[in-house]
Amino acid sequence: MRSIKIIALFVLSISMFSCKTKKSIPTEVRELPEINVRPSNEDYRASVTKLHDLVHTQLDVRFDWNKRYLLGKAVITLKAHSLPQNTVWLDARGMQINQVKHLVGKDSIVVKYDYANDSLHLFLDRAYTKDEPIQLYIDYIAKPDELTDVGGSRAITSDKGLYFINPDGKDKKKPMQIWTQGETQASSAWYPTIDAPNQKMSQEIRITVENKFKTVSNGIMTSSVINSDGTRTDTWKQNLPHSPYLCMMAVGEFAIVKDTWNRKEVSYYVEPEYENVARKIFGNTPEMMTFFSNKLGVEYPWDKYSQIVVRDYVSGAMENTSATIHGDFVQRDERELLDGNYQEFISHELFHQWFGDYVTCESWSNTTLNEGFATYAEYLWNEYKYGRDEADIYHQNDLFSYLRESKTKNENLIRFYYDAPEDMFDKHSYEKGGLVIHMLRNYLGDTVFFASLKHYLTVNQFKNVEVHQLRLAFEEVSGEDLNWFFNQWYLDKGHPILNIDYNYDAALKMQKVTIRQEQDLNEFPLYQLPMDVDIYSSNTIQRKKITLTQQEQTFSFPVDAKPELVNVDAQKMLLAVRKDNHTAQEWITLYKKGTLFQDRFDALQALANDYKAGSQESEIVKLALNDKNWKIREFAINKIEIFAKSDEKESIKKKLMAIGIEDKKSDVRDAALNALDEHFTGDDLVVYFKNAIHDSAYSVVETAIQALSNRDKAGTMLIASQLEGDQHARIQNILSGLYSKSGSDAQFDYMKKILMMSTGFAAYVQIQNYGKFLKNCKNHSNINEGIKAIYDVSKQNDEWITRLAAVQTLVDVANYSDSQAKLAMKASDPSTENSWKEHISIASKYVDELKKNETNEMLLKIYNSPKN
């Protein structure tokens, strides 16, 4: 699972709550806590007790699109885990159970059952031992849209398991689709099962659909039969076992583009308009499969690998076994791909096929064993494909992301105290988990590290694991006790805060490095930190190995003369906050002679934070404009404002103008245009920005339009009006952003048109832009019509995020109208005052209706919070 970053307001809103926990219920033989009682974070979250083991699940499903029902027949094979059991508990959320039978040979026995609290309690005719497989037939109807306890989190915004997209086909802008999302415990919303990650099963799914639809599921399609009523039944079978949350299916009018890898099918399911660019989006997948298979020493284990793009997805992507689902944001045309593709998502989910699917964490407390490795896969792929510099950018981003979260949250990587499983899908399990793995790799070396991963995967194939199995695998291969590493990084919280001082003793010819650990030792551990130290002198670099074990520790190195530089943590692999007390000259040396991206970035950051034009620091900033790494060029551009007030401003301006046209990286061109807009003046920039509107990258086009509007509003609006015929969503977004700031009633029809055309996350953005735009309008009839349009678009979209945007925007419009009504009252203009009050009344009415009709648990908690 990889979550997608959404705008801050959305994230802050969601972070206020988490969803309910679903638990499998044991038989009468053992007493465990009552079902569906939500534990507090003081309750120990143990792995689900295994009274039965799933063996095989066979499903036969068809759909009632109008009612949004799944009509299912399930045959579930299981057996007692250890002791004989005379009852079976299954998870089955919000279902209609029509019949349950126990299949015994050719015979069947009707089974009595109780069904309450989303749990199906089956009473068998006797106790069955672990050597006696039990086959249960269940005729049921899944009703995901009638669930009363739908929740969600920042990572997975809904947990109803089964999703009907545009089921009546009325929205011509959106395809009709059905898809599932099982993680963490939502598979039981569309088929009865033991919905726990420590279960494993093989499966077979027969999916009956109209013949126009394509289907996909785990494993391979073994048959496809046209039925007498014109429907088609596809049978998908996976013989290798996996956990229930990884079971999936998707239905839609997909275009399927196929590659192969080692005689296995590799396929991409996309909307038809993206068929021609599917390989540009996903085409690195076969190479990734080869790279990961070779690196791990374990060949990709599943029958095929499919990647499916769906609408209105509730997360970023999901690693269903052999069939990953992606949100539709990955679908980009060739021009959009110039701004980048989503290789991090593709590599992340593919690596899960080993770490998460092939070997699965036994409980959500061990989530980082899935997500930490998948996050690190992004580093590994970038390192292999694009070089270490590019990989280190991802490493830096992950470090910054975790450190931001650590300001408000510090948890053990492996933690057994949390409210809901979704709480585990955070920057600790993902980013920190990947950073910790990187440190372990650096400590052990590649040979031992990857041999250990091979051993871990081989010994635990098709099994469930906890963190100690990972430690033992590394210990068995390395021959070293690694409790010290796992205890401080996996079983404790926080990170080291290091303060580093340097002192050269000329008399003793000794370079001293003093490192202090400044984290609060009452709350966080005292770390044991092996690292490399590079000593730069006389055009040579000496590497020394040290291990920090004390709160304050001084390391001494014999050196004939004062070194130019001492570089602590030379591999830049530590997960730590560091204060390096270098001189300016030492930072300059690090920039010029450092071998890694992070060396140069750290040096530039230190030098550029406080410098004057004409200083030696400023020369490094100018030098960095030509750095080989695009991220450093971008950073230097963002620190260039000092030159706008110096004697060099014209030369720097010309340099930035050249970069804005010539740099191969659109991020850097975009940064150059921003810097020119913010810090430099001149009539030549008007022409420059007009030309930049024709850039190949949409991101640069957007910046150029905004920059031009700051200098030539009339000219910009004319150019924008000429672009209104472009139907591409990115152009529409650019124009709506412009009009939200600078538009008027003249753009009302266009803004309303693209608002009503928008769906999904695009609707969220368009609603917000439209609300800002309405504040620019003077025609009160337009404002009333616009308020109703916001309400209408929220009603025609199923996504709760759209309804959230509508409520927030309508409240904002009402508040603005209130302020305008008060101004009109002060101006003794009752007609205008009444018009503004009418807007308040209409907007408030729609807000009340949206809140009244809301069923999403997350939104209800937002609306009912004291702040709202």
# chains A, B, ... in the order shown; residues from 1 in each chain; ligands from 1
>>> residues_around(residues="segment 789-803 of chain A", least_positions_apart="6", cutoff="9 Å", atoms="only C-alpha atoms", output="ChimeraX atom specification")
/A:10,165-166,171,312,752,755-765,767,770-771,809-810,843,846-847,850,854,856,859
>>> write_last_selection(atoms="N, CA, C and O atoms", output="mmCIF file, in the first residue's frame")
data_model
loop_
_atom_site.group_PDB
_atom_site.id
_atom_site.type_symbol
_atom_site.label_atom_id
_atom_site.label_comp_id
_atom_site.auth_asym_id
_atom_site.auth_seq_id
_atom_site.Cartn_x
_atom_site.Cartn_y
_atom_site.Cartn_z
ATOM 1 N N PHE A 10 -7.054 18.802 3.683
ATOM 2 C CA PHE A 10 -7.646 17.474 3.644
ATOM 3 C C PHE A 10 -6.969 16.563 4.650
ATOM 4 O O PHE A 10 -7.605 15.861 5.426
ATOM 5 N N ILE A 165 -18.471 2.108 -9.048
ATOM 6 C CA ILE A 165 -18.172 3.436 -9.573
ATOM 7 C C ILE A 165 -19.109 3.720 -10.747
ATOM 8 O O ILE A 165 -19.173 2.947 -11.710
ATOM 9 N N ASN A 166 -19.831 4.829 -10.636
ATOM 10 C CA ASN A 166 -20.786 5.219 -11.677
ATOM 11 C C ASN A 166 -21.685 4.045 -12.069
ATOM 12 O O ASN A 166 -21.803 3.695 -13.260
ATOM 13 N N ASP A 171 -23.037 9.228 -15.412
ATOM 14 C CA ASP A 171 -21.927 10.164 -15.524
ATOM 15 C C ASP A 171 -21.079 9.777 -16.736
ATOM 16 O O ASP A 171 -20.303 8.822 -16.691
ATOM 17 N N ASP A 312 -11.667 6.872 -8.585
ATOM 18 C CA ASP A 312 -12.149 7.144 -7.227
ATOM 19 C C ASP A 312 -11.518 6.206 -6.196
ATOM 20 O O ASP A 312 -12.153 5.823 -5.209
ATOM 21 N N LYS A 752 -18.029 27.539 -14.599
ATOM 22 C CA LYS A 752 -19.106 26.619 -14.243
ATOM 23 C C LYS A 752 -19.020 25.346 -15.071
ATOM 24 O O LYS A 752 -19.219 24.240 -14.557
ATOM 25 N N LEU A 755 -16.270 23.128 -13.793
ATOM 26 C CA LEU A 755 -16.658 22.611 -12.483
ATOM 27 C C LEU A 755 -17.579 21.417 -12.649
ATOM 28 O O LEU A 755 -17.367 20.358 -12.031
ATOM 29 N N MET A 756 -18.587 21.543 -13.472
ATOM 30 C CA MET A 756 -19.569 20.476 -13.633
ATOM 31 C C MET A 756 -18.982 19.262 -14.347
ATOM 32 O O MET A 756 -19.508 18.154 -14.220
ATOM 33 N N MET A 757 -17.874 19.439 -15.049
ATOM 34 C CA MET A 757 -17.225 18.324 -15.735
ATOM 35 C C MET A 757 -16.291 17.551 -14.820
ATOM 36 O O MET A 757 -15.887 16.428 -15.124
ATOM 37 N N SER A 758 -15.942 18.121 -13.687
ATOM 38 C CA SER A 758 -14.891 17.545 -12.852
ATOM 39 C C SER A 758 -15.392 16.377 -12.024
ATOM 40 O O SER A 758 -16.555 16.310 -11.636
ATOM 41 N N THR A 759 -14.490 15.443 -11.756
ATOM 42 C CA THR A 759 -14.791 14.275 -10.918
ATOM 43 C C THR A 759 -13.598 14.000 -10.013
ATOM 44 O O THR A 759 -12.490 14.479 -10.242
ATOM 45 N N GLY A 760 -13.825 13.185 -8.988
ATOM 46 C CA GLY A 760 -12.747 12.733 -8.127
ATOM 47 C C GLY A 760 -12.010 13.873 -7.455
ATOM 48 O O GLY A 760 -12.587 14.887 -7.059
ATOM 49 N N PHE A 761 -10.672 13.720 -7.340
ATOM 50 C CA PHE A 761 -9.874 14.742 -6.676
ATOM 51 C C PHE A 761 -9.884 16.039 -7.470
ATOM 52 O O PHE A 761 -9.764 17.137 -6.903
ATOM 53 N N ALA A 762 -10.031 15.928 -8.806
ATOM 54 C CA ALA A 762 -10.122 17.145 -9.622
ATOM 55 C C ALA A 762 -11.311 17.992 -9.195
ATOM 56 O O ALA A 762 -11.239 19.226 -9.184
ATOM 57 N N ALA A 763 -12.425 17.334 -8.828
ATOM 58 C CA ALA A 763 -13.605 18.076 -8.364
ATOM 59 C C ALA A 763 -13.305 18.788 -7.058
ATOM 60 O O ALA A 763 -13.774 19.911 -6.818
ATOM 61 N N TYR A 764 -12.529 18.156 -6.192
ATOM 62 C CA TYR A 764 -12.129 18.778 -4.928
ATOM 63 C C TYR A 764 -11.410 20.101 -5.199
ATOM 64 O O TYR A 764 -11.721 21.140 -4.599
ATOM 65 N N VAL A 765 -10.446 20.057 -6.144
ATOM 66 C CA VAL A 765 -9.679 21.256 -6.480
ATOM 67 C C VAL A 765 -10.562 22.293 -7.169
ATOM 68 O O VAL A 765 -10.514 23.491 -6.854
ATOM 69 N N ILE A 767 -13.809 22.745 -7.036
ATOM 70 C CA ILE A 767 -14.762 23.362 -6.114
ATOM 71 C C ILE A 767 -14.090 24.482 -5.330
ATOM 72 O O ILE A 767 -14.648 25.583 -5.163
ATOM 73 N N TYR A 770 -13.468 27.379 -7.601
ATOM 74 C CA TYR A 770 -14.726 28.010 -7.982
ATOM 75 C C TYR A 770 -15.248 28.894 -6.852
ATOM 76 O O TYR A 770 -15.781 29.991 -7.092
ATOM 77 N N GLY A 771 -15.095 28.428 -5.611
ATOM 78 C CA GLY A 771 -15.514 29.249 -4.476
ATOM 79 C C GLY A 771 -14.745 30.559 -4.412
ATOM 80 O O GLY A 771 -15.320 31.634 -4.140
ATOM 81 N N THR A 809 -16.236 24.982 1.066
ATOM 82 C CA THR A 809 -16.306 26.121 0.152
ATOM 83 C C THR A 809 -17.585 26.924 0.350
ATOM 84 O O THR A 809 -17.565 28.164 0.348
ATOM 85 N N LEU A 810 -18.701 26.231 0.547
ATOM 86 C CA LEU A 810 -19.968 26.945 0.769
ATOM 87 C C LEU A 810 -19.928 27.743 2.065
ATOM 88 O O LEU A 810 -20.454 28.860 2.138
ATOM 89 N N ALA A 843 -26.392 29.352 0.529
ATOM 90 C CA ALA A 843 -25.205 28.551 0.864
ATOM 91 C C ALA A 843 -25.422 27.787 2.161
ATOM 92 O O ALA A 843 -25.078 26.595 2.266
ATOM 93 N N TYR A 846 -27.655 24.713 1.675
ATOM 94 C CA TYR A 846 -26.983 23.577 1.046
ATOM 95 C C TYR A 846 -25.991 22.919 2.011
ATOM 96 O O TYR A 846 -25.823 21.693 1.997
ATOM 97 N N VAL A 847 -25.345 23.707 2.831
ATOM 98 C CA VAL A 847 -24.438 23.132 3.837
ATOM 99 C C VAL A 847 -25.225 22.241 4.790
ATOM 100 O O VAL A 847 -24.816 21.116 5.107
ATOM 101 N N LEU A 850 -26.185 18.979 3.037
ATOM 102 C CA LEU A 850 -25.049 18.062 2.875
ATOM 103 C C LEU A 850 -24.689 17.399 4.198
ATOM 104 O O LEU A 850 -24.411 16.198 4.253
ATOM 105 N N GLU A 854 -25.208 13.293 5.164
ATOM 106 C CA GLU A 854 -23.903 12.638 5.175
ATOM 107 C C GLU A 854 -23.953 11.329 5.944
ATOM 108 O O GLU A 854 -24.556 11.243 7.019
ATOM 109 N N ASN A 856 -20.855 9.262 5.762
ATOM 110 C CA ASN A 856 -19.464 8.889 5.969
ATOM 111 C C ASN A 856 -19.033 9.206 7.395
ATOM 112 O O ASN A 856 -19.156 10.352 7.846
ATOM 113 N N LEU A 859 -16.434 12.131 7.857
ATOM 114 C CA LEU A 859 -16.964 13.486 7.701
ATOM 115 C C LEU A 859 -17.875 13.863 8.855
ATOM 116 O O LEU A 859 -17.873 15.012 9.301
#
>>> residues_around(residues="segment 643-659 of chain A", least_positions_apart="3", cutoff="10 Å", atoms="only C-alpha atoms", output="ChimeraX atom specification")
/A:612-614,618,622,625-626,633,637,639-640,662-665,668-676,678-682,685,688-689
>>> write_last_selection(atoms="C-alpha atoms", output="PDB file, in the first residue's frame")
ATOM      1  CA  LYS A 612      25.977  38.201   1.050  1.00  0.00           C
ATOM      2  CA  ALA A 613      26.443  38.919  -2.621  1.00  0.00           C
ATOM      3  CA  GLY A 614      30.134  38.930  -3.495  1.00  0.00           C
ATOM      4  CA  SER A 618      27.653  33.417  -2.920  1.00  0.00           C
ATOM      5  CA  LYS A 622      26.225  30.541  -8.333  1.00  0.00           C
ATOM      6  CA  LEU A 625      23.246  26.640 -10.605  1.00  0.00           C
ATOM      7  CA  ASN A 626      25.273  24.315 -12.862  1.00  0.00           C
ATOM      8  CA  ARG A 633      20.211  23.336  -9.112  1.00  0.00           C
ATOM      9  CA  ILE A 637      17.656  28.873  -7.644  1.00  0.00           C
ATOM     10  CA  LYS A 639      18.226  30.796  -2.691  1.00  0.00           C
ATOM     11  CA  ILE A 640      19.106  33.296  -5.400  1.00  0.00           C
ATOM     12  CA  GLU A 662      17.325  25.066 -21.479  1.00  0.00           C
ATOM     13  CA  ASP A 663      17.343  22.928 -18.349  1.00  0.00           C
ATOM     14  CA  LYS A 664      16.242  19.371 -19.113  1.00  0.00           C
ATOM     15  CA  LYS A 665      14.380  19.013 -15.811  1.00  0.00           C
ATOM     16  CA  VAL A 668      14.307  23.337 -12.471  1.00  0.00           C
ATOM     17  CA  ARG A 669      12.784  25.341 -15.320  1.00  0.00           C
ATOM     18  CA  ASP A 670       9.739  25.901 -13.119  1.00  0.00           C
ATOM     19  CA  ALA A 671      11.928  27.091 -10.226  1.00  0.00           C
ATOM     20  CA  ALA A 672      13.767  29.491 -12.543  1.00  0.00           C
ATOM     21  CA  LEU A 673      10.501  31.073 -13.697  1.00  0.00           C
ATOM     22  CA  ASN A 674       9.324  31.411 -10.105  1.00  0.00           C
ATOM     23  CA  ALA A 675      12.574  33.104  -9.089  1.00  0.00           C
ATOM     24  CA  LEU A 676      12.405  35.502 -12.024  1.00  0.00           C
ATOM     25  CA  GLU A 678       9.445  36.928  -7.467  1.00  0.00           C
ATOM     26  CA  HIS A 679      12.805  38.685  -7.474  1.00  0.00           C
ATOM     27  CA  PHE A 680      13.504  40.338 -10.822  1.00  0.00           C
ATOM     28  CA  THR A 681      11.929  43.055 -12.958  1.00  0.00           C
ATOM     29  CA  GLY A 682      12.059  44.267 -16.558  1.00  0.00           C
ATOM     30  CA  LEU A 685      10.248  39.306 -18.696  1.00  0.00           C
ATOM     31  CA  TYR A 688       9.869  35.809 -21.766  1.00  0.00           C
ATOM     32  CA  PHE A 689       6.877  34.574 -19.790  1.00  0.00           C
TER      33      PHE A 689
END
>>> atom_distance(atom1="atom CA of Asn834 of chain A", atom2="atom CA of Ala821 of chain A")
7.3 Å
>>> closest_residue(among="A:Ile109, A:Val216, A:Ile156, A:Leu723", to="Asp426 of chain A", atoms="only C-alpha atoms")
A:Ile156
>>> closest_residue(among="A:Met510, A:Ile500, A:Val257, A:Met248", to="Trp190 of chain A", atoms="only C-alpha atoms")
A:Met248
>>> select_by_dssp(residues="segment 273-459 of chain A", states="alpha helix (DSSP H)", output="PyMOL selection string")
chain A and resi 278-282+285-296+343-352+368-386+388-406+433-444+446-459
>>> atom_distance(atom1="atom CA of Thr184 of chain A", atom2="atom CA of Leu435 of chain A")
23.6 Å
>>> residues_around(residues="Glu371 of chain A", least_positions_apart="3", cutoff="10 Å", atoms="only C-alpha atoms", output="number ranges by chain")
A: 1-2, 348-349, 351-352, 355-356, 361, 366-368, 374-377, 424-434
>>> closest_residue(among="A:Asn66, A:Gln598, A:Asn284, A:Gln808", to="Pro167 of chain A", atoms="only C-alpha atoms")
A:Asn66
>>> closest_residue(among="A:Ile346, A:Leu718, A:Ile535, A:Ala603", to="Ala317 of chain A", atoms="only C-alpha atoms")
A:Ile346
>>> residues_around(residues="Lys778 of chain A", least_positions_apart="6", cutoff="12 Å", atoms="only C-alpha atoms", output="PyMOL selection string")
chain A and resi 743-748+784+817+820+832+835-836
>>> write_last_selection(atoms="all heavy atoms", output="PDB file, in the first residue's frame")
ATOM      1  N   GLY A 743     -10.160  36.350 -12.115  1.00  0.00           N
ATOM      2  CA  GLY A 743     -11.308  36.292 -12.998  1.00  0.00           C
ATOM      3  C   GLY A 743     -12.426  37.236 -12.587  1.00  0.00           C
ATOM      4  O   GLY A 743     -12.360  37.937 -11.576  1.00  0.00           O
ATOM      5  N   SER A 744     -13.470  37.254 -13.429  1.00  0.00           N
ATOM      6  CA  SER A 744     -14.646  38.089 -13.176  1.00  0.00           C
ATOM      7  C   SER A 744     -15.855  37.395 -13.773  1.00  0.00           C
ATOM      8  O   SER A 744     -15.772  36.252 -14.247  1.00  0.00           O
ATOM      9  CB  SER A 744     -14.447  39.467 -13.817  1.00  0.00           C
ATOM     10  OG  SER A 744     -14.414  39.338 -15.239  1.00  0.00           O
ATOM     11  N   ASP A 745     -16.975  38.071 -13.781  1.00  0.00           N
ATOM     12  CA  ASP A 745     -18.185  37.485 -14.356  1.00  0.00           C
ATOM     13  C   ASP A 745     -17.996  37.054 -15.806  1.00  0.00           C
ATOM     14  O   ASP A 745     -18.716  36.188 -16.296  1.00  0.00           O
ATOM     15  CB  ASP A 745     -19.340  38.486 -14.259  1.00  0.00           C
ATOM     16  CG  ASP A 745     -19.821  38.671 -12.827  1.00  0.00           C
ATOM     17  OD1 ASP A 745     -20.395  37.718 -12.279  1.00  0.00           O
ATOM     18  OD2 ASP A 745     -19.603  39.760 -12.270  1.00  0.00           O
ATOM     19  N   ALA A 746     -17.019  37.630 -16.493  1.00  0.00           N
ATOM     20  CA  ALA A 746     -16.768  37.276 -17.899  1.00  0.00           C
ATOM     21  C   ALA A 746     -16.379  35.808 -18.047  1.00  0.00           C
ATOM     22  O   ALA A 746     -16.602  35.207 -19.104  1.00  0.00           O
ATOM     23  CB  ALA A 746     -15.680  38.178 -18.477  1.00  0.00           C
ATOM     24  N   GLN A 747     -15.791  35.223 -17.017  1.00  0.00           N
ATOM     25  CA  GLN A 747     -15.376  33.812 -17.081  1.00  0.00           C
ATOM     26  C   GLN A 747     -16.372  32.884 -16.376  1.00  0.00           C
ATOM     27  O   GLN A 747     -16.088  31.708 -16.170  1.00  0.00           O
ATOM     28  CB  GLN A 747     -13.993  33.639 -16.437  1.00  0.00           C
ATOM     29  CG  GLN A 747     -12.849  34.226 -17.234  1.00  0.00           C
ATOM     30  CD  GLN A 747     -12.710  35.704 -17.007  1.00  0.00           C
ATOM     31  OE1 GLN A 747     -12.872  36.200 -15.888  1.00  0.00           O
ATOM     32  NE2 GLN A 747     -12.417  36.453 -18.071  1.00  0.00           N
ATOM     33  N   PHE A 748     -17.545  33.410 -16.029  1.00  0.00           N
ATOM     34  CA  PHE A 748     -18.480  32.608 -15.238  1.00  0.00           C
ATOM     35  C   PHE A 748     -18.890  31.327 -15.962  1.00  0.00           C
ATOM     36  O   PHE A 748     -18.868  30.238 -15.375  1.00  0.00           O
ATOM     37  CB  PHE A 748     -19.727  33.422 -14.884  1.00  0.00           C
ATOM     38  CG  PHE A 748     -20.731  32.644 -14.072  1.00  0.00           C
ATOM     39  CD1 PHE A 748     -20.575  32.509 -12.700  1.00  0.00           C
ATOM     40  CD2 PHE A 748     -21.802  32.006 -14.681  1.00  0.00           C
ATOM     41  CE1 PHE A 748     -21.473  31.782 -11.949  1.00  0.00           C
ATOM     42  CE2 PHE A 748     -22.710  31.268 -13.936  1.00  0.00           C
ATOM     43  CZ  PHE A 748     -22.543  31.158 -12.561  1.00  0.00           C
ATOM     44  N   ASN A 784     -25.502  33.276  -7.052  1.00  0.00           N
ATOM     45  CA  ASN A 784     -26.512  32.292  -6.639  1.00  0.00           C
ATOM     46  C   ASN A 784     -26.422  31.025  -7.478  1.00  0.00           C
ATOM     47  O   ASN A 784     -26.501  29.911  -6.964  1.00  0.00           O
ATOM     48  CB  ASN A 784     -27.914  32.890  -6.747  1.00  0.00           C
ATOM     49  CG  ASN A 784     -28.242  33.814  -5.592  1.00  0.00           C
ATOM     50  OD1 ASN A 784     -27.600  33.754  -4.535  1.00  0.00           O
ATOM     51  ND2 ASN A 784     -29.223  34.688  -5.770  1.00  0.00           N
ATOM     52  N   SER A 817     -19.847  36.402   2.046  1.00  0.00           N
ATOM     53  CA  SER A 817     -21.090  37.144   1.789  1.00  0.00           C
ATOM     54  C   SER A 817     -21.520  37.925   3.017  1.00  0.00           C
ATOM     55  O   SER A 817     -22.026  39.053   2.919  1.00  0.00           O
ATOM     56  CB  SER A 817     -22.196  36.177   1.354  1.00  0.00           C
ATOM     57  OG  SER A 817     -21.847  35.523   0.146  1.00  0.00           O
ATOM     58  N   GLN A 820     -19.533  41.052   3.191  1.00  0.00           N
ATOM     59  CA  GLN A 820     -19.973  42.022   2.183  1.00  0.00           C
ATOM     60  C   GLN A 820     -21.318  42.640   2.556  1.00  0.00           C
ATOM     61  O   GLN A 820     -21.579  43.830   2.287  1.00  0.00           O
ATOM     62  CB  GLN A 820     -20.058  41.344   0.816  1.00  0.00           C
ATOM     63  CG  GLN A 820     -18.713  40.879   0.264  1.00  0.00           C
ATOM     64  CD  GLN A 820     -17.717  42.008   0.144  1.00  0.00           C
ATOM     65  OE1 GLN A 820     -17.983  43.020  -0.527  1.00  0.00           O
ATOM     66  NE2 GLN A 820     -16.567  41.858   0.798  1.00  0.00           N
ATOM     67  N   THR A 832     -28.158  45.904  -2.110  1.00  0.00           N
ATOM     68  CA  THR A 832     -26.948  45.063  -2.172  1.00  0.00           C
ATOM     69  C   THR A 832     -26.829  44.197  -0.926  1.00  0.00           C
ATOM     70  O   THR A 832     -26.460  43.017  -0.988  1.00  0.00           O
ATOM     71  CB  THR A 832     -25.698  45.938  -2.316  1.00  0.00           C
ATOM     72  OG1 THR A 832     -25.835  46.750  -3.482  1.00  0.00           O
ATOM     73  CG2 THR A 832     -24.440  45.099  -2.420  1.00  0.00           C
ATOM     74  N   SER A 835     -29.007  41.221  -1.286  1.00  0.00           N
ATOM     75  CA  SER A 835     -28.455  40.254  -2.242  1.00  0.00           C
ATOM     76  C   SER A 835     -27.403  39.374  -1.572  1.00  0.00           C
ATOM     77  O   SER A 835     -27.380  38.146  -1.753  1.00  0.00           O
ATOM     78  CB  SER A 835     -27.842  40.986  -3.443  1.00  0.00           C
ATOM     79  OG  SER A 835     -28.826  41.656  -4.195  1.00  0.00           O
ATOM     80  N   TRP A 836     -26.531  40.000  -0.774  1.00  0.00           N
ATOM     81  CA  TRP A 836     -25.505  39.218  -0.078  1.00  0.00           C
ATOM     82  C   TRP A 836     -26.145  38.301   0.966  1.00  0.00           C
ATOM     83  O   TRP A 836     -25.707  37.157   1.141  1.00  0.00           O
ATOM     84  CB  TRP A 836     -24.484  40.136   0.578  1.00  0.00           C
ATOM     85  CG  TRP A 836     -23.545  40.782  -0.390  1.00  0.00           C
ATOM     86  CD1 TRP A 836     -23.470  42.099  -0.703  1.00  0.00           C
ATOM     87  CD2 TRP A 836     -22.558  40.129  -1.189  1.00  0.00           C
ATOM     88  NE1 TRP A 836     -22.504  42.327  -1.650  1.00  0.00           N
ATOM     89  CE2 TRP A 836     -21.913  41.132  -1.971  1.00  0.00           C
ATOM     90  CE3 TRP A 836     -22.152  38.806  -1.341  1.00  0.00           C
ATOM     91  CZ2 TRP A 836     -20.891  40.829  -2.864  1.00  0.00           C
ATOM     92  CZ3 TRP A 836     -21.126  38.506  -2.247  1.00  0.00           C
ATOM     93  CH2 TRP A 836     -20.519  39.506  -2.989  1.00  0.00           C
TER      94      TRP A 836
END
>>> closest_residue(among="A:Leu403, A:Lys112, A:Val55, A:Lys280", to="Gln203 of chain A", atoms="only C-alpha atoms")
A:Val55
>>> closest_residue(among="A:Lys544, A:Lys788, A:Lys454, A:His395", to="Val436 of chain A", atoms="only C-alpha atoms")
A:His395
>>> residues_around(residues="Pro286 of chain A", least_positions_apart="2", cutoff="12 Å", atoms="only C-alpha atoms", output="PyMOL selection string")
chain A and resi 258-268+279+282-284+288-293+300+304-307+346-347+350
>>> residues_around(residues="Thr547 of chain A", least_positions_apart="2", cutoff="8 Å", atoms="only C-alpha atoms", output="PyMOL selection string")
chain A and resi 528-531+545+549
>>> write_last_selection(atoms="N, CA, C and O atoms", output="compact mmCIF listing (two decimals), in the first residue's frame")
# COMPACT_ATOMS: atom_id res chain seq x y z
N GLN A 528 23.58 3.31 19.71
CA GLN A 528 24.87 2.77 19.25
C GLN A 528 24.90 3.01 17.75
O GLN A 528 24.10 2.44 17.00
N LEU A 529 25.84 3.84 17.29
CA LEU A 529 25.82 4.30 15.90
C LEU A 529 27.16 4.06 15.22
O LEU A 529 28.10 4.86 15.33
N PRO A 530 27.27 2.96 14.49
CA PRO A 530 28.45 2.77 13.65
C PRO A 530 28.38 3.72 12.46
O PRO A 530 27.31 3.94 11.89
N MET A 531 29.51 4.29 12.08
CA MET A 531 29.51 5.21 10.94
C MET A 531 30.93 5.35 10.41
O MET A 531 31.90 4.96 11.06
N LYS A 545 36.48 4.10 10.44
CA LYS A 545 35.23 3.57 10.99
C LYS A 545 35.19 3.83 12.50
O LYS A 545 36.15 3.54 13.20
N THR A 549 28.88 5.23 21.08
CA THR A 549 28.14 4.45 22.06
C THR A 549 27.80 5.24 23.32
O THR A 549 27.06 4.75 24.17
>>> residues_around(residues="Tyr128 of chain A", least_positions_apart="2", cutoff="10 Å", atoms="only C-alpha atoms", output="number ranges by chain")
A: 79-80, 83-87, 124-126, 130-134
>>> atom_distance(atom1="atom CA of Ile787 of chain A", atom2="atom CA of Ala814 of chain A")
9.5 Å
